[in-house]
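K.L.:
Next comes the structure file protein26.cif, holding mmCIF, C-alpha atoms.
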```cif
data_protein
#
loop_
_atom_site.label_atom_id
_atom_site.label_comp_id
_atom_site.auth_asym_id
_atom_site.auth_seq_id
_atom_site.Cartn_x
_atom_site.Cartn_y
_atom_site.Cartn_z
CA MET A 22 39.88 -51.67 28.25
CA SER A 23 39.01 -51.42 31.94
CA TYR A 24 39.99 -48.57 34.22
CA THR A 25 42.50 -50.95 35.95
CA ASP A 26 44.07 -51.74 32.60
CA TYR A 27 44.26 -48.01 31.90
CA CYS A 28 46.09 -47.43 35.19
CA ASP A 29 48.45 -50.30 34.54
CA MET A 30 49.20 -48.92 31.09
CA SER A 31 49.78 -45.48 32.53
CA ARG A 32 52.35 -46.87 34.98
CA ALA A 33 53.99 -48.77 32.14
CA ALA A 34 54.06 -45.57 30.08
CA GLY A 35 56.25 -44.02 32.74
CA GLU A 36 58.91 -46.58 31.95
CA ARG A 37 58.65 -46.45 28.09
CA ALA A 38 57.07 -44.37 25.22
CA VAL A 39 53.62 -45.47 24.00
CA THR A 40 52.38 -45.57 20.46
CA LEU A 41 49.66 -43.22 19.22
CA LEU A 42 47.27 -46.15 18.90
CA GLU A 43 47.98 -47.11 22.50
CA LEU A 44 47.49 -43.53 23.65
CA ASN A 45 44.22 -43.14 21.72
CA SER A 46 43.06 -46.48 23.04
CA MET A 47 43.80 -45.27 26.57
CA VAL A 48 41.68 -42.13 25.90
CA ALA A 49 38.90 -44.20 24.38
CA GLY A 50 38.89 -46.51 27.36
CA LEU A 51 38.87 -43.59 29.75
CA ILE A 52 35.93 -41.94 27.95
CA ASP A 53 34.00 -45.21 27.81
CA THR A 54 34.58 -45.69 31.52
CA CYS A 55 34.03 -42.10 32.72
CA MET A 56 31.23 -41.03 30.30
CA PRO A 57 29.08 -44.07 29.63
CA ASP A 58 25.79 -42.09 29.58
CA ALA A 59 23.98 -40.20 26.82
CA TYR A 60 23.33 -36.43 27.17
CA TRP A 61 20.82 -34.01 25.72
CA VAL A 62 22.77 -31.07 24.33
CA GLU A 63 21.55 -27.75 22.90
CA ALA A 64 23.66 -26.32 20.06
CA GLU A 65 23.57 -24.65 16.66
CA LEU A 66 24.39 -26.51 13.47
CA SER A 67 27.23 -24.63 11.79
CA GLU A 68 27.76 -27.32 9.14
CA MET A 69 25.93 -30.45 8.05
CA ARG A 70 26.55 -32.91 5.24
CA GLU A 71 25.52 -36.42 4.28
CA VAL A 72 28.07 -38.95 3.07
CA ARG A 73 27.01 -42.47 2.08
CA GLY A 74 23.89 -42.18 4.20
CA HIS A 75 25.72 -40.93 7.31
CA CYS A 76 25.18 -37.39 8.60
CA TYR A 77 28.21 -35.38 9.70
CA MET A 78 27.59 -32.27 11.77
CA GLU A 79 29.58 -29.47 13.31
CA LEU A 80 28.04 -28.09 16.46
CA VAL A 81 28.74 -24.62 17.81
CA GLN A 82 27.71 -22.53 20.81
CA LYS A 83 27.85 -18.74 20.49
CA ASP A 84 28.09 -16.01 23.05
CA SER A 85 24.63 -14.46 23.52
CA THR A 86 25.96 -10.90 23.40
CA SER A 87 28.77 -10.95 20.84
CA ASN A 88 27.65 -13.93 18.76
CA THR A 89 31.22 -15.22 18.98
CA PRO A 90 31.67 -19.03 19.06
CA VAL A 91 32.64 -20.21 22.55
CA ALA A 92 32.52 -23.96 21.89
CA LYS A 93 32.69 -26.30 18.90
CA ALA A 94 32.40 -30.03 18.44
CA GLN A 95 31.98 -32.69 15.76
CA ALA A 96 28.92 -34.92 15.77
CA ARG A 97 27.87 -37.89 13.67
CA CYS A 98 24.68 -39.80 13.10
CA TRP A 99 25.16 -43.16 11.52
CA ALA A 100 23.06 -44.16 8.53
CA THR A 101 20.90 -46.68 10.39
CA GLN A 102 19.86 -44.08 12.93
CA TRP A 103 19.75 -41.15 10.43
CA ARG A 104 17.21 -42.93 8.24
CA VAL A 105 14.85 -42.89 11.22
CA LEU A 106 15.61 -39.46 12.71
CA ARG A 107 15.57 -37.36 9.57
CA PRO A 108 12.01 -38.11 8.31
CA ARG A 109 10.60 -37.86 11.84
CA PHE A 110 12.19 -34.46 12.34
CA GLU A 111 10.92 -33.16 9.00
CA ARG A 112 7.44 -34.57 9.60
CA VAL A 113 7.12 -32.87 12.98
CA THR A 114 8.81 -29.52 12.24
CA GLY A 115 8.05 -29.13 8.58
CA GLN A 116 11.70 -28.20 8.10
CA CYS A 117 14.90 -29.88 6.93
CA LEU A 118 17.85 -29.97 9.26
CA ARG A 119 20.23 -27.34 7.95
CA ALA A 120 23.10 -25.10 8.94
CA GLY A 121 22.10 -22.22 11.17
CA MET A 122 19.33 -24.17 12.91
CA LYS A 123 19.29 -24.64 16.66
CA VAL A 124 18.80 -28.27 17.73
CA MET A 125 18.61 -30.47 20.80
CA LEU A 126 20.46 -33.74 20.25
CA LEU A 127 20.81 -36.87 22.36
CA VAL A 128 24.51 -37.73 22.12
CA HIS A 129 27.08 -39.95 23.73
CA ALA A 130 30.83 -39.54 23.62
CA GLN A 131 32.98 -41.71 21.40
CA PHE A 132 36.71 -41.65 20.85
CA HIS A 133 37.93 -43.77 17.99
CA ALA A 134 41.56 -44.66 17.96
CA ALA A 135 41.82 -43.96 14.21
CA TYR A 136 39.35 -41.05 13.78
CA GLY A 137 39.48 -39.23 17.08
CA PHE A 138 36.69 -37.82 19.26
CA SER A 139 33.10 -37.27 18.14
CA TRP A 140 29.65 -37.01 19.62
CA ILE A 141 27.38 -39.78 18.33
CA VAL A 142 23.82 -38.63 17.75
CA THR A 143 21.12 -41.11 18.66
CA ASP A 144 18.05 -38.84 18.83
CA VAL A 145 16.79 -35.35 17.92
CA ASN A 146 14.15 -33.34 19.77
CA PRO A 147 12.05 -31.69 16.99
CA GLU A 148 9.89 -29.79 19.51
CA PHE A 149 12.95 -27.80 20.66
CA THR A 150 13.72 -26.77 17.07
CA MET A 151 10.08 -25.87 16.46
CA GLY A 152 10.17 -23.61 19.50
CA ASP A 153 13.36 -21.93 18.30
CA LEU A 154 11.94 -21.44 14.80
CA ALA A 155 8.77 -20.00 16.27
CA ARG A 156 10.88 -17.63 18.39
CA ARG A 157 12.86 -16.49 15.37
CA ARG A 158 9.67 -15.93 13.42
CA ARG A 159 8.25 -13.86 16.26
CA GLU A 160 11.42 -11.79 16.39
CA ILE A 161 11.26 -11.12 12.65
CA VAL A 162 7.56 -10.25 12.83
CA GLU A 163 8.17 -7.89 15.76
CA GLN A 164 11.00 -6.18 13.88
CA LEU A 165 8.78 -5.74 10.83
CA ARG A 166 6.08 -4.31 13.06
CA ALA A 167 8.59 -1.93 14.65
CA GLU A 168 9.66 -0.80 11.16
CA GLY A 169 6.01 -0.10 10.32
CA VAL A 170 5.97 -2.37 7.26
CA LEU A 171 4.22 -5.50 8.59
CA GLU A 172 0.76 -4.52 7.30
CA LEU A 173 1.71 -2.52 4.20
CA GLN A 174 0.73 -5.34 1.84
CA SER A 175 -2.62 -5.89 3.57
CA GLN A 176 -3.44 -2.21 2.96
CA LEU A 177 -3.07 -2.60 -0.79
CA VAL A 178 -6.20 -3.19 -2.86
CA MET A 179 -6.09 -5.92 -5.46
CA SER A 180 -7.50 -4.75 -8.76
CA PRO A 181 -11.00 -6.16 -9.30
CA PHE A 182 -9.86 -6.93 -12.85
CA ALA A 183 -6.54 -8.59 -11.88
CA GLN A 184 -5.69 -10.66 -14.97
CA ARG A 185 -2.02 -9.79 -15.58
CA VAL A 186 -0.15 -12.14 -13.27
CA ALA A 187 3.59 -12.22 -12.48
CA VAL A 188 4.53 -15.62 -11.08
CA VAL A 189 7.65 -16.22 -8.97
CA SER A 190 8.28 -19.96 -8.96
CA SER A 191 10.64 -22.64 -10.22
CA ALA A 192 10.31 -23.28 -13.95
CA GLY A 193 8.94 -26.63 -15.02
CA ALA A 194 7.72 -27.60 -11.55
CA ALA A 195 4.43 -29.40 -11.02
CA GLY A 196 3.06 -26.67 -8.74
CA TYR A 197 3.61 -24.00 -11.39
CA GLY A 198 2.01 -26.24 -14.01
CA ASP A 199 -1.02 -26.78 -11.78
CA PHE A 200 -1.33 -23.03 -11.24
CA CYS A 201 -1.24 -22.26 -14.97
CA SER A 202 -3.66 -25.07 -15.80
CA SER A 203 -6.13 -23.92 -13.14
CA LEU A 204 -6.11 -20.35 -14.51
CA ARG A 205 -6.28 -21.27 -18.20
CA HIS A 206 -9.05 -23.83 -17.76
CA ASN A 207 -11.14 -22.07 -15.13
CA ALA A 208 -14.84 -22.85 -15.18
CA CYS A 209 -15.83 -19.23 -15.80
CA GLY A 210 -13.73 -18.93 -18.94
CA TYR A 211 -11.81 -15.85 -17.74
CA ALA A 212 -8.61 -14.99 -19.60
CA PHE A 213 -5.37 -14.43 -17.70
CA ARG A 214 -1.94 -13.34 -18.90
CA ILE A 215 0.74 -15.22 -16.99
CA GLU A 216 4.47 -14.51 -17.00
CA LEU A 217 6.98 -16.58 -15.04
CA PHE A 218 9.96 -15.09 -13.21
CA PRO A 219 12.03 -18.18 -12.33
CA ALA A 220 13.43 -18.54 -8.82
CA VAL A 221 14.89 -21.23 -6.58
CA MET A 222 12.23 -22.31 -4.09
CA GLN A 223 14.27 -24.65 -1.86
CA GLY A 224 17.59 -24.49 -0.09
CA GLU A 225 19.91 -21.68 0.86
CA GLU A 226 19.39 -19.72 -2.39
CA VAL A 227 15.67 -19.09 -1.81
CA GLU A 228 16.10 -15.62 -0.31
CA SER A 229 18.45 -14.17 -2.94
CA SER A 230 16.68 -15.86 -5.84
CA VAL A 231 13.16 -14.72 -4.91
CA ILE A 232 14.39 -11.17 -4.22
CA ALA A 233 16.08 -11.07 -7.64
CA ALA A 234 12.84 -12.21 -9.30
CA LEU A 235 10.84 -9.55 -7.42
CA GLU A 236 13.26 -6.86 -8.56
CA LEU A 237 12.66 -7.89 -12.19
CA VAL A 238 8.92 -7.64 -11.62
CA TYR A 239 9.38 -4.23 -9.97
CA GLU A 240 11.11 -2.88 -13.08
CA ARG A 241 7.95 -3.75 -15.07
CA GLN A 242 5.32 -3.20 -12.41
CA GLU A 243 3.06 -1.30 -14.85
CA ASP A 244 2.66 -4.56 -16.82
CA PHE A 245 1.10 -6.53 -13.94
CA ASP A 246 -1.84 -6.41 -11.54
CA VAL A 247 -0.69 -8.97 -8.98
CA VAL A 248 2.36 -11.08 -8.03
CA VAL A 249 2.00 -14.73 -7.03
CA ILE A 250 4.79 -16.58 -5.19
CA ILE A 251 4.22 -20.32 -5.31
CA ARG A 252 6.38 -23.28 -4.56
CA GLY A 253 7.07 -25.18 -7.71
CA GLY A 254 7.00 -28.66 -6.21
CA GLY A 255 9.82 -30.38 -4.36
CA ALA A 256 10.10 -31.22 -0.68
CA THR A 257 7.25 -29.93 1.45
CA SER A 258 9.44 -29.65 4.52
CA ASP A 259 11.87 -26.93 3.46
CA LEU A 260 10.16 -23.61 4.24
CA SER A 261 13.09 -22.00 6.08
CA GLY A 262 14.08 -19.87 3.09
CA PHE A 263 10.79 -17.98 3.42
CA ASP A 264 11.43 -17.03 7.06
CA THR A 265 14.13 -14.40 6.49
CA LEU A 266 13.95 -10.73 7.43
CA LEU A 267 15.38 -9.42 4.15
CA LEU A 268 12.88 -11.30 1.97
CA ALA A 269 10.00 -10.27 4.24
CA GLU A 270 11.04 -6.60 3.97
CA HIS A 271 11.12 -6.80 0.17
CA VAL A 272 7.65 -8.34 0.03
CA ALA A 273 6.20 -5.96 2.63
CA ASN A 274 7.39 -2.89 0.68
CA PHE A 275 6.44 -4.21 -2.77
CA PRO A 276 4.01 -1.85 -4.60
CA LEU A 277 1.85 -4.65 -6.07
CA PRO A 278 -0.31 -7.07 -4.07
CA ILE A 279 1.55 -10.34 -3.46
CA VAL A 280 -0.25 -13.67 -3.01
CA THR A 281 1.71 -16.57 -1.51
CA GLY A 282 1.04 -20.24 -2.04
CA ILE A 283 4.16 -21.84 -0.54
CA GLY A 284 3.00 -23.79 2.52
CA HIS A 285 0.54 -26.39 3.65
CA ASP A 286 -2.34 -26.49 6.09
CA ARG A 287 -0.29 -26.31 9.28
CA ASP A 288 2.60 -24.15 8.04
CA GLU A 289 2.80 -20.37 8.04
CA SER A 290 6.02 -18.65 7.05
CA VAL A 291 6.97 -15.05 7.74
CA LEU A 292 6.41 -14.44 4.04
CA ASP A 293 2.79 -15.60 4.45
CA ILE A 294 2.33 -13.15 7.34
CA VAL A 295 3.50 -10.06 5.42
CA ALA A 296 1.88 -10.96 2.07
CA HIS A 297 -1.34 -9.37 0.84
CA ARG A 298 -3.08 -12.75 0.82
CA LYS A 299 -1.86 -16.24 1.66
CA VAL A 300 -3.14 -19.58 0.43
CA LYS A 301 -1.72 -23.04 0.91
CA THR A 302 -1.20 -24.35 -2.61
CA PRO A 303 -0.61 -23.06 -6.15
CA THR A 304 -4.07 -24.32 -7.13
CA ALA A 305 -5.61 -22.33 -4.30
CA ALA A 306 -3.71 -19.23 -5.50
CA ALA A 307 -5.18 -19.71 -8.98
CA GLN A 308 -8.66 -20.13 -7.51
CA LEU A 309 -8.20 -16.92 -5.51
CA LEU A 310 -7.60 -14.96 -8.74
CA VAL A 311 -10.55 -16.65 -10.44
CA ASP A 312 -12.78 -15.87 -7.45
CA ASN A 313 -11.61 -12.24 -7.53
CA LEU A 314 -12.74 -11.89 -11.15
CA ALA A 315 -15.91 -13.82 -10.40
CA ALA A 316 -16.75 -11.36 -7.62
CA THR A 317 -16.16 -8.47 -10.02
CA ASP A 318 -18.27 -10.21 -12.64
CA SER A 319 -21.03 -10.63 -10.07
CA VAL A 320 -20.92 -6.93 -9.18
CA VAL A 321 -20.99 -5.97 -12.85
CA GLU A 322 -23.89 -8.33 -13.49
CA SER A 323 -25.74 -6.93 -10.47
CA CYS A 324 -25.18 -3.40 -11.78
CA ARG A 325 -26.38 -4.50 -15.20
CA ARG A 326 -29.58 -5.90 -13.69
CA ASP A 327 -30.09 -2.75 -11.62
CA ILE A 328 -29.57 -0.53 -14.67
CA TYR A 329 -31.97 -2.67 -16.71
CA ALA A 330 -34.61 -2.56 -13.96
CA ALA A 331 -34.17 1.20 -13.47
CA THR A 332 -34.36 1.80 -17.22
CA ALA A 333 -37.47 -0.37 -17.59
CA SER A 334 -39.15 1.43 -14.68
CA ARG A 335 -38.25 4.84 -16.11
CA MET A 336 -39.52 3.87 -19.55
CA GLU A 337 -42.79 2.67 -18.04
CA ARG A 338 -43.25 5.96 -16.20
CA GLU A 339 -42.42 7.94 -19.31
CA GLN A 340 -44.88 5.89 -21.38
CA LEU A 341 -47.63 6.66 -18.86
CA ARG A 342 -46.64 10.30 -18.97
CA LEU A 343 -46.75 10.30 -22.78
CA LYS A 344 -50.23 8.73 -22.72
CA ALA A 345 -51.43 11.40 -20.33
CA LEU A 346 -49.90 14.09 -22.51
CA SER A 347 -51.46 12.61 -25.64
CA LYS A 348 -54.90 12.82 -24.05
CA SER A 349 -54.44 16.43 -23.01
CA LEU A 350 -52.66 17.40 -26.25
CA PRO A 351 -55.80 18.56 -28.23
CA THR A 352 -56.89 20.81 -25.36
CA LEU A 353 -53.39 22.11 -24.92
CA PHE A 354 -53.07 22.62 -28.67
CA SER A 355 -56.32 24.65 -28.80
CA LEU A 356 -55.18 26.73 -25.86
CA VAL A 357 -51.77 27.28 -27.36
CA LYS A 358 -53.30 28.01 -30.77
CA ALA A 359 -55.66 30.62 -29.31
CA ARG A 360 -52.81 32.23 -27.40
CA GLN A 361 -50.55 32.26 -30.43
CA THR A 362 -53.33 33.54 -32.70
CA SER A 363 -54.02 36.39 -30.32
CA ALA A 364 -50.31 37.12 -30.10
CA VAL A 365 -49.99 37.08 -33.90
CA GLU A 366 -52.96 39.39 -34.34
CA GLY A 367 -51.51 41.78 -31.78
CA LEU A 368 -48.17 41.71 -33.58
CA ALA A 369 -49.90 42.29 -36.93
CA ALA A 370 -51.75 45.30 -35.55
CA ARG A 371 -48.57 46.74 -34.11
CA ILE A 372 -46.72 46.12 -37.37
CA HIS A 373 -49.53 47.76 -39.39
CA ALA A 374 -49.52 50.84 -37.15
CA ALA A 375 -45.75 51.02 -37.27
CA VAL A 376 -45.78 50.78 -41.08
CA ARG A 377 -48.36 53.54 -41.38
CA HIS A 378 -46.46 55.76 -39.02
CA HIS A 379 -43.21 55.05 -40.83
CA THR A 380 -44.86 55.64 -44.24
CA HIS A 381 -46.37 58.96 -43.11
CA ALA A 382 -43.05 60.12 -41.69
CA SER A 383 -41.22 59.06 -44.86
CA ARG A 384 -43.77 60.77 -47.10
CA SER A 385 -43.42 64.06 -45.13
CA ARG A 386 -39.67 63.79 -45.40
CA VAL A 387 -39.94 63.12 -49.16
CA ASP A 388 -42.20 66.13 -49.62
CA LEU A 389 -39.78 68.31 -47.72
CA LEU A 390 -36.90 66.99 -49.76
CA ALA A 391 -38.87 67.62 -52.98
CA VAL A 392 -39.43 71.23 -52.02
CA GLN A 393 -35.80 71.62 -51.06
CA ILE A 394 -34.63 69.94 -54.27
CA SER A 395 -36.99 72.01 -56.47
CA GLY A 396 -35.71 75.33 -55.04
CA GLY A 397 -32.12 74.17 -55.22
CA VAL A 398 -32.46 72.98 -58.84
CA ALA A 399 -34.02 76.29 -60.01
CA GLN A 400 -31.29 78.27 -58.28
CA THR A 401 -28.62 76.04 -59.78
CA ILE A 402 -30.09 76.33 -63.29
CA THR A 403 -30.23 80.14 -63.05
CA ALA A 404 -26.62 80.32 -61.88
CA GLN A 405 -25.43 77.94 -64.61
CA ARG A 406 -27.39 79.81 -67.28
CA HIS A 407 -25.74 83.08 -66.24
CA ARG A 408 -22.35 81.42 -66.31
CA LEU A 409 -23.04 80.07 -69.85
CA GLN A 410 -24.00 83.53 -71.03
CA MET A 411 -20.74 84.94 -69.71
CA LEU A 412 -18.79 82.14 -71.41
CA GLU A 413 -20.66 82.73 -74.61
CA ARG A 414 -19.74 86.42 -74.57
CA SER A 415 -16.12 85.57 -73.85
CA VAL A 416 -16.01 83.03 -76.68
CA ASP A 417 -17.77 85.42 -79.08
CA ALA A 418 -15.24 88.15 -78.24
CA ASP A 419 -12.42 85.82 -79.22
CA ASN A 420 -14.14 84.47 -82.37
CA PRO A 421 -11.78 84.92 -85.45
CA VAL A 422 -14.79 85.49 -87.71
CA ARG A 423 -15.54 88.75 -85.91
CA LEU A 424 -11.90 89.79 -86.44
CA LEU A 425 -12.19 88.99 -90.15
CA ARG A 426 -15.31 91.09 -90.38
CA ARG A 427 -13.37 94.00 -89.00
CA GLY A 428 -10.82 93.73 -91.91
CA TYR A 429 -8.25 91.51 -90.39
CA SER A 430 -6.81 88.40 -92.17
CA ILE A 431 -5.19 85.11 -91.01
CA THR A 432 -2.25 83.52 -92.89
CA THR A 433 -1.50 79.80 -92.27
CA TYR A 434 1.26 77.50 -93.39
CA LYS A 435 0.54 73.82 -93.28
CA GLY A 436 -2.52 74.47 -91.11
CA LYS A 437 -0.71 76.64 -88.55
CA ALA A 438 -0.94 80.41 -88.15
CA VAL A 439 2.10 82.31 -89.38
CA ARG A 440 3.49 84.63 -86.73
CA ASP A 441 7.02 85.27 -88.01
CA PRO A 442 7.68 85.53 -91.79
CA HIS A 443 11.33 84.76 -91.27
CA GLU A 444 10.40 81.22 -90.27
CA LEU A 445 8.87 80.51 -93.73
CA PRO A 446 11.17 78.82 -96.28
CA GLU A 447 11.76 80.12 -99.82
CA GLY A 448 8.88 79.04 -102.09
CA ALA A 449 6.58 78.06 -99.25
CA GLU A 450 2.90 78.16 -100.15
CA VAL A 451 0.75 79.93 -97.55
CA VAL A 452 -3.02 80.43 -97.33
CA THR A 453 -4.50 83.80 -96.38
CA ARG A 454 -8.10 83.92 -95.13
CA VAL A 455 -10.21 87.11 -95.21
CA GLU A 456 -13.88 87.87 -94.44
CA LYS A 457 -15.20 86.78 -97.78
CA GLY A 458 -12.79 83.95 -98.74
CA GLU A 459 -9.17 82.93 -98.92
CA PHE A 460 -6.22 82.94 -101.37
CA LYS A 461 -2.82 81.30 -101.67
CA SER A 462 0.60 82.95 -101.98
CA THR A 463 4.16 81.81 -102.58
CA VAL A 464 6.94 83.14 -100.40
CA LYS A 465 9.78 84.90 -102.12
CA LYS A 466 12.76 86.07 -100.20
CA THR A 467 14.08 89.60 -100.84
CA GLY A 468 17.57 90.89 -100.24
CA ARG A 469 16.51 93.09 -97.38
CA GLN A 470 15.47 91.34 -94.23
#
```
Would it be possible to restate this file's structure as structure tokens?

P.N.:
Amino acid sequence: MSYTDYCDMSRAAGERAVTLLELNSMVAGLIDTCMPDAYWVEAELSEMREVRGHCYMELVQKDSTSNTPVAKAQARCWATQWRVLRPRFERVTGQCLRAGMKVMLLVHAQFHAAYGFSWIVTDVNPEFTMGDLARRRREIVEQLRAEGVLELQSQLVMSPFAQRVAVVSSAGAAGYGDFCSSLRHNACGYAFRIELFPAVMQGEEVESSVIAALELVYERQEDFDVVVIIRGGGATSDLSGFDTLLLAEHVANFPLPIVTGIGHDRDESVLDIVAHRKVKTPTAAAQLLVDNLAATDSVVESCRRDIYAATASRMEREQLRLKALSKSLPTLFSLVKARQTSAVEGLAARIHAAVRHHTHASRSRVDLLAVQISGGVAQTITAQRHRLQMLERSVDADNPVRLLRRGYSITTYKGKAVRDPHELPEGAEVVTRVEKGEFKSTVKKTGRQ
């Protein structure tokens, strides 16, 4: 529809109502006439989806201070053009087009009578997106540096015996398989213990999934020496998930050394920058661990050789010393023998003199004791003899025989002396002893007591 036709239709519309199709056709004709050119536009992708090979986008422009959307528009890239633009963009930027990415698109206006207005995308400027991604990376790196965590991982020291490896990767992926195979079949024959912590390594879930895996490793950090984050295969262009501030902060503050193997020769993510070490592939990450053990093995072997050489040298010196000692031993022995003999003789003389002195002193003491004992014994014997004489006189004075000689008698009943006649029973037989013998009597009671 020409602009003249549009004007004629507008005049006719003043006389009657137009249909929606006619109205949309008028708008389409006006847009085709007034905006025939293509325009380069800078915008952010708020949504993007592919349907039957076509790419449908929603573009947005946000206020630089409040981040509030100030403009929105729909854009489409038809399948024939999308099949060309998409791989070229990914090849140049190393990224997939995705929501949240800033892009520069070559578009022209199109108003379809049935589907309404849309911007038709005919080209994409990958260099603009690369510049924006680089800017965002710089901003994240600067924020990490301002927080003082950018170089925390680089300050960690990987254990020289790092053999317990926690792997964050997608399960069953070729990259993870290559990593495990390289470690288990290394040329040096070193043994590694590998444990996988599965995570999504592509798409919008990369950040949350990798952080969740790292938190599981953190809970068991005593079980591991090093953490390896490797991409488990898949598209090589989608590295955007590793360029987030939150993931970088988790890695920077992690207590174990983290090795990344997620990119390729020309790619470096923010995660690579904050990691302890970065390599480009899972195989290279495995080789890094093997080389670390090999370096330790080399140091240990060097120490072993040094110890062996030092021991051999010391043994040689000691053997020479022993030979020299063996030659001088007879002379030394004679000298020592003479010295010891002299010392023994001196000790013997001192012992002999001490024994004689002690014997003389003991003999004098014994003689003194003998004199003291002899006087004491004689005095004791005299005193005891006098005491015996006194006892003898006392016993003799009390001797019953002397009483009998003086005319006294002793009467006994059943072997006991009779003191009271009233205690004797009638007819009791008593024995009376006198000086020259004894006689028996029978007790007879009388009427008078």

K.L.:
Report the residues retrieved by the PyMOL selection byres ((chain A and resi 149) around 12) from the displayed file, expressed as a PyMOL selection string.

P.N.:
chain A and resi 61-65+110+113-114+122-126+145-148+150-156

K.L.:
Limited to C-alpha atoms, could you put the picked residues into a file as a PDB file, keeping the file's coordinate frame?

P.N.:
```pdb
ATOM      1  CA  TRP A  61      20.820 -34.010  25.720  1.00  0.00           C
ATOM      2  CA  VAL A  62      22.770 -31.070  24.330  1.00  0.00           C
ATOM      3  CA  GLU A  63      21.550 -27.750  22.900  1.00  0.00           C
ATOM      4  CA  ALA A  64      23.660 -26.320  20.060  1.00  0.00           C
ATOM      5  CA  GLU A  65      23.570 -24.650  16.660  1.00  0.00           C
ATOM      6  CA  PHE A 110      12.190 -34.460  12.340  1.00  0.00           C
ATOM      7  CA  VAL A 113       7.120 -32.870  12.980  1.00  0.00           C
ATOM      8  CA  THR A 114       8.810 -29.520  12.240  1.00  0.00           C
ATOM      9  CA  MET A 122      19.330 -24.170  12.910  1.00  0.00           C
ATOM     10  CA  LYS A 123      19.290 -24.640  16.660  1.00  0.00           C
ATOM     11  CA  VAL A 124      18.800 -28.270  17.730  1.00  0.00           C
ATOM     12  CA  MET A 125      18.610 -30.470  20.800  1.00  0.00           C
ATOM     13  CA  LEU A 126      20.460 -33.740  20.250  1.00  0.00           C
ATOM     14  CA  VAL A 145      16.790 -35.350  17.920  1.00  0.00           C
ATOM     15  CA  ASN A 146      14.150 -33.340  19.770  1.00  0.00           C
ATOM     16  CA  PRO A 147      12.050 -31.690  16.990  1.00  0.00           C
ATOM     17  CA  GLU A 148       9.890 -29.790  19.510  1.00  0.00           C
ATOM     18  CA  THR A 150      13.720 -26.770  17.070  1.00  0.00           C
ATOM     19  CA  MET A 151      10.080 -25.870  16.460  1.00  0.00           C
ATOM     20  CA  GLY A 152      10.170 -23.610  19.500  1.00  0.00           C
ATOM     21  CA  ASP A 153      13.360 -21.930  18.300  1.00  0.00           C
ATOM     22  CA  LEU A 154      11.940 -21.440  14.800  1.00  0.00           C
ATOM     23  CA  ALA A 155       8.770 -20.000  16.270  1.00  0.00           C
ATOM     24  CA  ARG A 156      10.880 -17.630  18.390  1.00  0.00           C
TER      25      ARG A 156
END
```

K.L.:
CA of Ile294 (chain A) and CA of Ala187 (chain A) are how many Å apart?

P.N.:
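That distance, rounded to one decimal, is 19.9 Å.
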
K.L.:
Select, from A:Lys358, A:Arg104, A:Lys457, A:Arg326, the residue with the minimum atom-to-atom distance to Arg427 (chain A), counting only C-alpha atoms.

P.N.:
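Ranking A:Lys358, A:Arg104, A:Lys457, A:Arg326 by distance to Arg427 (chain A), first place goes to A:Lys457.
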
K.L.:
Could you name the residues that touch Arg158 (chain A) at 12 Å or less, counting only C-alpha atoms, but leaving out those on the same chain fewer than 6 positions away, as a short mmCIF file (atom, residue, chain, number, x, y, z; two decimals) with C-alpha atoms, in the frame of the given file?

P.N.:
```cif
data_model
loop_
_atom_site.label_atom_id
_atom_site.label_comp_id
_atom_site.auth_asym_id
_atom_site.auth_seq_id
_atom_site.Cartn_x
_atom_site.Cartn_y
_atom_site.Cartn_z
CA MET A 151 10.08 -25.87 16.46
CA GLY A 152 10.17 -23.61 19.50
CA GLN A 164 11.00 -6.18 13.88
CA LEU A 165 8.78 -5.74 10.83
CA LEU A 260 10.16 -23.61 4.24
CA SER A 261 13.09 -22.00 6.08
CA GLY A 262 14.08 -19.87 3.09
CA PHE A 263 10.79 -17.98 3.42
CA ASP A 264 11.43 -17.03 7.06
CA THR A 265 14.13 -14.40 6.49
CA LEU A 266 13.95 -10.73 7.43
CA ALA A 269 10.00 -10.27 4.24
CA GLU A 289 2.80 -20.37 8.04
CA SER A 290 6.02 -18.65 7.05
CA VAL A 291 6.97 -15.05 7.74
CA LEU A 292 6.41 -14.44 4.04
CA ASP A 293 2.79 -15.60 4.45
CA ILE A 294 2.33 -13.15 7.34
CA VAL A 295 3.50 -10.06 5.42
#
```

K.L.:
Give me the residues within 12 Å of Leu41 (chain A) as a PyMOL selection string, counting only C-alpha atoms and dropping any in the same chain fewer than 2 places off.

P.N.:
chain A and resi 34+38-39+43-49+133-137

K.L.:
Could you write out that same residue set with C-alpha atoms as a compact mmCIF listing (two decimals), in the frame of the given file?

P.N.:
```txt
# COMPACT_ATOMS: atom_id res chain seq x y z
CA ALA A 34 54.06 -45.57 30.08
CA ALA A 38 57.07 -44.37 25.22
CA VAL A 39 53.62 -45.47 24.00
CA GLU A 43 47.98 -47.11 22.50
CA LEU A 44 47.49 -43.53 23.65
CA ASN A 45 44.22 -43.14 21.72
CA SER A 46 43.06 -46.48 23.04
CA MET A 47 43.80 -45.27 26.57
CA VAL A 48 41.68 -42.13 25.90
CA ALA A 49 38.90 -44.20 24.38
CA HIS A 133 37.93 -43.77 17.99
CA ALA A 134 41.56 -44.66 17.96
CA ALA A 135 41.82 -43.96 14.21
CA TYR A 136 39.35 -41.05 13.78
CA GLY A 137 39.48 -39.23 17.08
```

K.L.:
Evaluate the PyMOL selection byres ((chain A and resi 425) around 12) and record the selected residues as a list in words, following the chain and residue labels used in the document.

P.N.:
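This file gives the following for the PyMOL selection byres ((chain A and resi 425) around 12): Asp419, Asn420, Pro421, Val422, Arg423, Leu424, Arg426, Arg427, Gly428, Tyr429, Ser430, Ile431, Thr432, Thr453, Arg454, Val455, Glu456, Lys457, Gly458 and Glu459 of chain A.
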